[in-house]
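Q: Below you'll find target-v1.cif; it's mmCIF, C-alpha atoms.
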```cif
data_target
#
loop_
_atom_site.group_PDB
_atom_site.id
_atom_site.type_symbol
_atom_site.label_atom_id
_atom_site.label_comp_id
_atom_site.auth_asym_id
_atom_site.auth_seq_id
_atom_site.Cartn_x
_atom_site.Cartn_y
_atom_site.Cartn_z
ATOM 1 C CA MET V 98 16.016 9.304 -13.070
ATOM 2 C CA PRO V 99 12.206 9.208 -13.489
ATOM 3 C CA LEU V 100 10.095 7.256 -11.020
ATOM 4 C CA ALA V 101 8.594 4.165 -12.625
ATOM 5 C CA GLY V 102 5.701 5.128 -14.844
ATOM 6 C CA THR V 103 5.440 8.692 -13.566
ATOM 7 C CA GLY V 104 7.908 10.922 -15.386
ATOM 8 C CA GLN V 105 8.784 12.398 -11.962
ATOM 9 C CA THR V 106 12.151 12.376 -10.255
ATOM 10 C CA GLY V 107 12.724 11.828 -6.556
ATOM 11 C CA ARG V 108 14.686 9.977 -3.922
ATOM 12 C CA PRO V 109 12.636 10.354 -0.730
ATOM 13 C CA PHE V 110 14.462 7.593 1.152
ATOM 14 C CA GLY V 111 17.759 7.239 -0.656
ATOM 15 C CA TYR V 112 16.507 5.047 -3.499
ATOM 16 C CA ASP V 113 14.955 5.774 -6.844
ATOM 17 C CA ALA V 114 11.566 4.084 -7.201
ATOM 18 C CA GLY V 115 12.400 3.454 -10.860
ATOM 19 C CA GLU V 116 15.424 1.391 -9.866
ATOM 20 C CA LEU V 117 13.934 -0.814 -7.172
ATOM 21 C CA VAL V 118 15.933 -3.876 -6.272
ATOM 22 C CA ALA V 119 13.992 -6.422 -4.252
ATOM 23 C CA ASN V 120 16.809 -8.905 -3.663
ATOM 24 C CA VAL V 121 16.809 -8.160 0.058
ATOM 25 C CA GLU V 122 14.906 -10.491 2.326
ATOM 26 C CA LEU V 123 13.120 -8.353 4.879
ATOM 27 C CA ALA V 124 13.246 -9.537 8.478
ATOM 28 C CA ASN V 125 10.181 -9.814 10.688
ATOM 29 C CA ARG V 126 10.805 -6.491 12.440
ATOM 30 C CA ALA V 127 9.806 -2.853 12.317
ATOM 31 C CA TYR V 128 11.897 -0.785 9.917
ATOM 32 C CA GLY V 129 12.887 2.811 10.580
ATOM 33 C CA PRO V 130 14.993 5.633 9.142
ATOM 34 C CA GLU V 131 18.153 3.632 9.880
ATOM 35 C CA SER V 132 17.125 1.113 7.197
ATOM 36 C CA THR V 133 19.613 0.525 4.412
ATOM 37 C CA ARG V 134 18.977 1.704 0.873
ATOM 38 C CA ASP V 135 18.303 -1.909 -0.155
ATOM 39 C CA GLU V 136 15.857 -2.455 2.716
ATOM 40 C CA SER V 137 13.991 0.742 1.782
ATOM 41 C CA ALA V 138 13.858 -0.376 -1.847
ATOM 42 C CA ALA V 139 12.568 -3.817 -0.815
ATOM 43 C CA ILE V 140 9.820 -2.185 1.278
ATOM 44 C CA ALA V 141 8.860 0.074 -1.633
ATOM 45 C CA ALA V 142 8.853 -2.926 -3.988
ATOM 46 C CA ARG V 143 5.925 -4.349 -1.998
ATOM 47 C CA VAL V 144 3.816 -1.801 -3.938
ATOM 48 C CA SER V 145 3.469 -2.854 -7.560
ATOM 49 C CA LEU V 146 1.430 -2.155 -10.642
ATOM 50 C CA ILE V 147 -0.813 -5.147 -11.439
ATOM 51 C CA GLY V 148 -3.117 -3.682 -14.081
ATOM 52 C CA ASP V 149 -4.274 -0.517 -15.771
ATOM 53 C CA ARG V 150 -4.561 1.983 -12.884
ATOM 54 C CA VAL V 151 -4.546 -0.891 -10.355
ATOM 55 C CA LEU V 152 -1.858 -1.487 -7.734
ATOM 56 C CA LEU V 153 -1.070 -4.165 -5.170
ATOM 57 C CA MET V 154 0.240 -3.229 -1.730
ATOM 58 C CA ARG V 155 1.597 -6.182 0.298
ATOM 59 C CA GLU V 156 1.777 -4.982 3.882
ATOM 60 C CA LEU V 157 4.713 -5.978 6.080
ATOM 61 C CA PRO V 158 4.175 -8.279 9.074
ATOM 62 C CA ILE V 159 5.328 -5.502 11.415
ATOM 63 C CA GLN V 160 4.428 -2.065 10.127
ATOM 64 C CA SER V 161 6.052 1.165 11.230
ATOM 65 C CA PRO V 162 5.566 4.841 10.399
ATOM 66 C CA PHE V 163 8.681 4.541 8.219
ATOM 67 C CA SER V 164 7.490 1.497 6.246
ATOM 68 C CA VAL V 165 4.055 3.051 5.716
ATOM 69 C CA THR V 166 5.688 6.249 4.464
ATOM 70 C CA VAL V 167 7.973 4.365 2.058
ATOM 71 C CA MET V 168 5.089 2.298 0.678
ATOM 72 C CA PHE V 169 2.738 5.252 0.242
ATOM 73 C CA ASP V 170 5.512 7.328 -1.350
ATOM 74 C CA ARG V 171 5.843 4.523 -3.904
ATOM 75 C CA LEU V 172 2.068 4.327 -4.396
ATOM 76 C CA GLU V 173 1.821 8.102 -4.883
ATOM 77 C CA ALA V 174 4.747 8.077 -7.333
ATOM 78 C CA LEU V 175 3.127 5.345 -9.427
ATOM 79 C CA THR V 176 -0.289 7.050 -9.421
ATOM 80 C CA ALA V 177 0.833 10.674 -9.778
ATOM 81 C CA ASP V 178 -0.589 11.060 -13.298
ATOM 82 C CA TRP V 179 -3.854 9.225 -12.634
ATOM 83 C CA GLU V 180 -7.081 10.979 -11.777
ATOM 84 C CA ARG V 181 -8.582 7.738 -10.373
ATOM 85 C CA PHE V 182 -7.130 4.360 -9.437
ATOM 86 C CA GLY V 183 -7.852 1.246 -7.435
ATOM 87 C CA TYR V 184 -5.659 -0.861 -5.251
ATOM 88 C CA VAL V 185 -5.483 -4.158 -3.434
ATOM 89 C CA VAL V 186 -4.085 -4.204 0.098
ATOM 90 C CA ASP V 187 -2.902 -7.647 1.180
ATOM 91 C CA LEU V 188 -2.968 -7.803 4.987
ATOM 92 C CA THR V 189 -2.573 -11.579 5.270
ATOM 93 C CA GLU V 190 0.961 -11.217 6.688
ATOM 94 C CA ALA V 191 0.278 -8.056 8.700
ATOM 95 C CA GLY V 192 -0.114 -7.696 12.424
ATOM 96 C CA ARG V 193 -2.033 -4.943 14.142
ATOM 97 C CA PRO V 194 -0.243 -1.618 13.717
ATOM 98 C CA GLY V 195 0.581 0.503 16.752
ATOM 99 C CA PRO V 196 -0.981 3.923 17.361
ATOM 100 C CA GLU V 197 1.809 5.918 15.661
ATOM 101 C CA THR V 198 1.640 3.704 12.596
ATOM 102 C CA ARG V 199 -2.157 3.952 12.485
ATOM 103 C CA ALA V 200 -1.869 7.757 12.587
ATOM 104 C CA VAL V 201 0.525 7.767 9.615
ATOM 105 C CA LEU V 202 -1.687 5.277 7.754
ATOM 106 C CA LYS V 203 -4.720 7.469 8.272
ATOM 107 C CA GLU V 204 -2.898 10.611 7.136
ATOM 108 C CA ARG V 205 -1.566 8.914 3.990
ATOM 109 C CA VAL V 206 -4.879 7.261 3.069
ATOM 110 C CA LEU V 207 -6.776 10.526 3.575
ATOM 111 C CA ARG V 208 -4.310 12.170 1.198
ATOM 112 C CA ILE V 209 -5.088 9.735 -1.636
ATOM 113 C CA SER V 210 -8.739 8.882 -0.867
ATOM 114 C CA PRO V 211 -10.280 11.473 -3.245
ATOM 115 C CA ARG V 212 -8.587 9.628 -6.153
ATOM 116 C CA VAL V 213 -9.315 6.057 -4.997
ATOM 117 C CA ALA V 214 -12.079 4.453 -7.058
ATOM 118 C CA HIS V 215 -11.982 1.235 -5.022
ATOM 119 C CA VAL V 216 -9.814 -0.552 -2.481
ATOM 120 C CA ALA V 217 -9.990 -4.318 -1.986
ATOM 121 C CA ILE V 218 -8.494 -5.598 1.259
ATOM 122 C CA VAL V 219 -7.250 -9.185 1.596
ATOM 123 C CA VAL V 220 -7.488 -10.532 5.144
ATOM 124 C CA GLY V 221 -7.529 -14.299 4.662
ATOM 125 C CA GLY V 222 -9.918 -16.140 6.974
ATOM 126 C CA ASN V 223 -9.351 -13.868 9.978
ATOM 127 C CA LEU V 224 -12.824 -12.640 11.008
ATOM 128 C CA ILE V 225 -11.487 -10.083 13.497
ATOM 129 C CA MET V 226 -9.151 -8.631 10.846
ATOM 130 C CA ARG V 227 -12.105 -8.523 8.427
ATOM 131 C CA ALA V 228 -14.185 -6.398 10.819
ATOM 132 C CA MET V 229 -11.288 -4.138 11.810
ATOM 133 C CA ALA V 230 -10.188 -3.582 8.189
ATOM 134 C CA ARG V 231 -13.669 -2.459 7.158
ATOM 135 C CA LEU V 232 -14.003 -0.062 10.117
ATOM 136 C CA PHE V 233 -10.509 1.309 9.593
ATOM 137 C CA ALA V 234 -11.058 1.827 5.831
ATOM 138 C CA TYR V 235 -14.337 3.681 6.280
ATOM 139 C CA GLY V 236 -12.846 5.700 9.138
ATOM 140 C CA MET V 237 -10.111 6.859 6.748
ATOM 141 C CA GLY V 238 -12.546 8.193 4.184
ATOM 142 C CA LEU V 239 -12.541 5.268 1.768
ATOM 143 C CA ARG V 240 -16.078 4.696 0.508
ATOM 144 C CA SER V 241 -15.747 1.860 -1.993
ATOM 145 C CA VAL V 242 -14.211 -0.989 -0.011
ATOM 146 C CA GLY V 243 -14.285 -4.762 -0.404
ATOM 147 C CA ILE V 244 -12.930 -7.293 2.076
ATOM 148 C CA HIS V 245 -11.708 -10.631 0.704
ATOM 149 C CA VAL V 246 -10.301 -13.982 1.741
ATOM 150 C CA THR V 247 -7.981 -14.296 -1.272
ATOM 151 C CA ARG V 248 -5.868 -11.934 -3.324
ATOM 152 C CA ALA V 249 -7.419 -13.322 -6.540
ATOM 153 C CA GLU V 250 -10.917 -12.308 -5.374
ATOM 154 C CA ALA V 251 -9.668 -8.837 -4.472
ATOM 155 C CA ILE V 252 -7.920 -8.325 -7.820
ATOM 156 C CA GLU V 253 -11.037 -9.435 -9.671
ATOM 157 C CA GLU V 254 -13.197 -7.004 -7.700
ATOM 158 C CA VAL V 255 -10.870 -4.040 -8.285
ATOM 159 C CA GLY V 256 -10.901 -4.852 -11.992
ATOM 160 C CA ARG V 257 -14.713 -4.745 -12.007
ATOM 161 C CA ALA V 258 -14.737 -1.490 -10.044
ATOM 162 C CA MET V 259 -12.342 0.044 -12.562
ATOM 163 C CA GLY V 260 -14.709 -0.907 -15.387
ATOM 164 C CA ARG V 261 -13.022 -4.024 -16.751
#
```
Let me see whether you can do it: turn the structure in this file into structure tokens.
A:
Amino acid sequence: MPLAGTGQTGRPFGYDAGELVANVELANRAYGPESTRDESAAIAARVSLIGDRVLLMRELPIQSPFSVTVMFDRLEALTADWERFGYVVDLTEAGRPGPETRAVLKERVLRISPRVAHVAIVVGGNLIMRAMARLFAYGMGLRSVGIHVTRAEAIEEVGRAMGR
């Protein structure tokens, strides 16, 4: 079955991104390869299309190399046919990722960064998270980055960056 909006087929973690079911409530824990099909689908469902060539990625409270891989697989599936795109990363629920997770994040962001027109990061009112998010984004090769208190501000900015 084709992946949502891509015309591609794939089941990287035992689910089809075109058949996501988000009826599973994810626990406040790190997820790994032992995750159920429904848990994997619920993690992937945290990446969604919110506009023309604009996605929203809602990071988990406790990230893991597995959850990052599932989410970026979904993002790459949705953007496969796009030369350029923008996305909003909502970190308001997220804690600080460990070193292995940061390494996977960096690898996955570097892979997509040539196609990213703009990324808007939502950090809420956390000043430390604001500073760390900016440093981390630039360190991963992202050049057009905005840091925001609210998701609405971030979505508006990505829309402007995408020429709307």
Q: What's the separation between CA of Thr189 (chain V) and CA of Val219 (chain V), in Å to one decimal place?
A: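 Going from CA of Thr189 (chain V) over to CA of Val219 (chain V), I get 6.4 Å.
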Q: Convert the output of the PyMOL selection byres ((chain V and resi 169) around 10) on the shown file into explicit residues, formatted as a list in words.
A: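 Against this file, the PyMOL selection byres ((chain V and resi 169) around 10) returns the residues Ala141, Val144, Met154, Phe163, Ser164, Val165, Thr166, Val167, Met168, Asp170, Arg171, Leu172, Glu173, Ala174, Leu175, Val201, Leu202, Arg205, Val206, Arg208 and Ile209 of chain V.
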Q: Let me see the file: selected residues, C-alpha atoms, as a tab-separated table (two decimals), in the frame of the given file.
A:
```tsv
chain	number	residue	atom	x	y	z
V	141	ALA	CA	8.86	0.07	-1.63
V	144	VAL	CA	3.82	-1.80	-3.94
V	154	MET	CA	0.24	-3.23	-1.73
V	163	PHE	CA	8.68	4.54	8.22
V	164	SER	CA	7.49	1.50	6.25
V	165	VAL	CA	4.06	3.05	5.72
V	166	THR	CA	5.69	6.25	4.46
V	167	VAL	CA	7.97	4.36	2.06
V	168	MET	CA	5.09	2.30	0.68
V	170	ASP	CA	5.51	7.33	-1.35
V	171	ARG	CA	5.84	4.52	-3.90
V	172	LEU	CA	2.07	4.33	-4.40
V	173	GLU	CA	1.82	8.10	-4.88
V	174	ALA	CA	4.75	8.08	-7.33
V	175	LEU	CA	3.13	5.34	-9.43
V	201	VAL	CA	0.52	7.77	9.62
V	202	LEU	CA	-1.69	5.28	7.75
V	205	ARG	CA	-1.57	8.91	3.99
V	206	VAL	CA	-4.88	7.26	3.07
V	208	ARG	CA	-4.31	12.17	1.20
V	209	ILE	CA	-5.09	9.74	-1.64
```
Q: Determine the residue membership of the PyMOL selection byres ((chain V and resi 237) around 7) for the file above and supply it as a list in words.
A: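 Applying the expression gives Lys203, Val206, Leu207, Phe233, Ala234, Tyr235, Gly236, Gly238 and Leu239 of chain V.
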Q: Any chance you can output those residues with C-alpha atoms as a compact mmCIF listing (two decimals), in the coordinates of the input?
A:
```txt
# COMPACT_ATOMS: atom_id res chain seq x y z
CA LYS V 203 -4.72 7.47 8.27
CA VAL V 206 -4.88 7.26 3.07
CA LEU V 207 -6.78 10.53 3.58
CA PHE V 233 -10.51 1.31 9.59
CA ALA V 234 -11.06 1.83 5.83
CA TYR V 235 -14.34 3.68 6.28
CA GLY V 236 -12.85 5.70 9.14
CA GLY V 238 -12.55 8.19 4.18
CA LEU V 239 -12.54 5.27 1.77
```
Q: Selection in question (the file shown): the PyMOL selection byres ((chain V and resi 123) around 10). Which residues does it include, as number ranges by chain?
A: V: 119-122, 124-128, 135-137, 139-140, 157-158
Q: Just the number, please: distance in Å from CA of Val246 (chain V) to CA of Pro196 (chain V), one decimal.
A: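 Separating CA of Val246 (chain V) from CA of Pro196 (chain V) is a distance of 25.5 Å.
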Q: Identify which of the residues V:Arg248, V:Pro194, V:Val151, V:Val186 lies closest to Gly222 (chain V), counting all atoms listed in the file when measuring atom-to-atom distances.
A: V:Arg248
Q: Name the closest residue to Ala214 (chain V) among the candidates V:Leu153, V:Leu146, V:Ile252, V:Ala258; distances are taken between atoms, counting all atoms listed in the file.
A: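 Comparing V:Leu153, V:Leu146, V:Ile252, V:Ala258 against Ala214 (chain V), the winner is V:Ala258.
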Q: Find the distance between CA of Phe182 (chain V) and CA of Val255 (chain V) and write it in Å to one decimal.
A: 9.3 Å
Q: Find the residues near Trp179 (chain V): any atom within 10 Å, counting all atoms listed in the file, skip ones fewer than 5 places away on the same chain, and give them as a ChimeraX atom specification.
A: /V:103,150,173,212-213
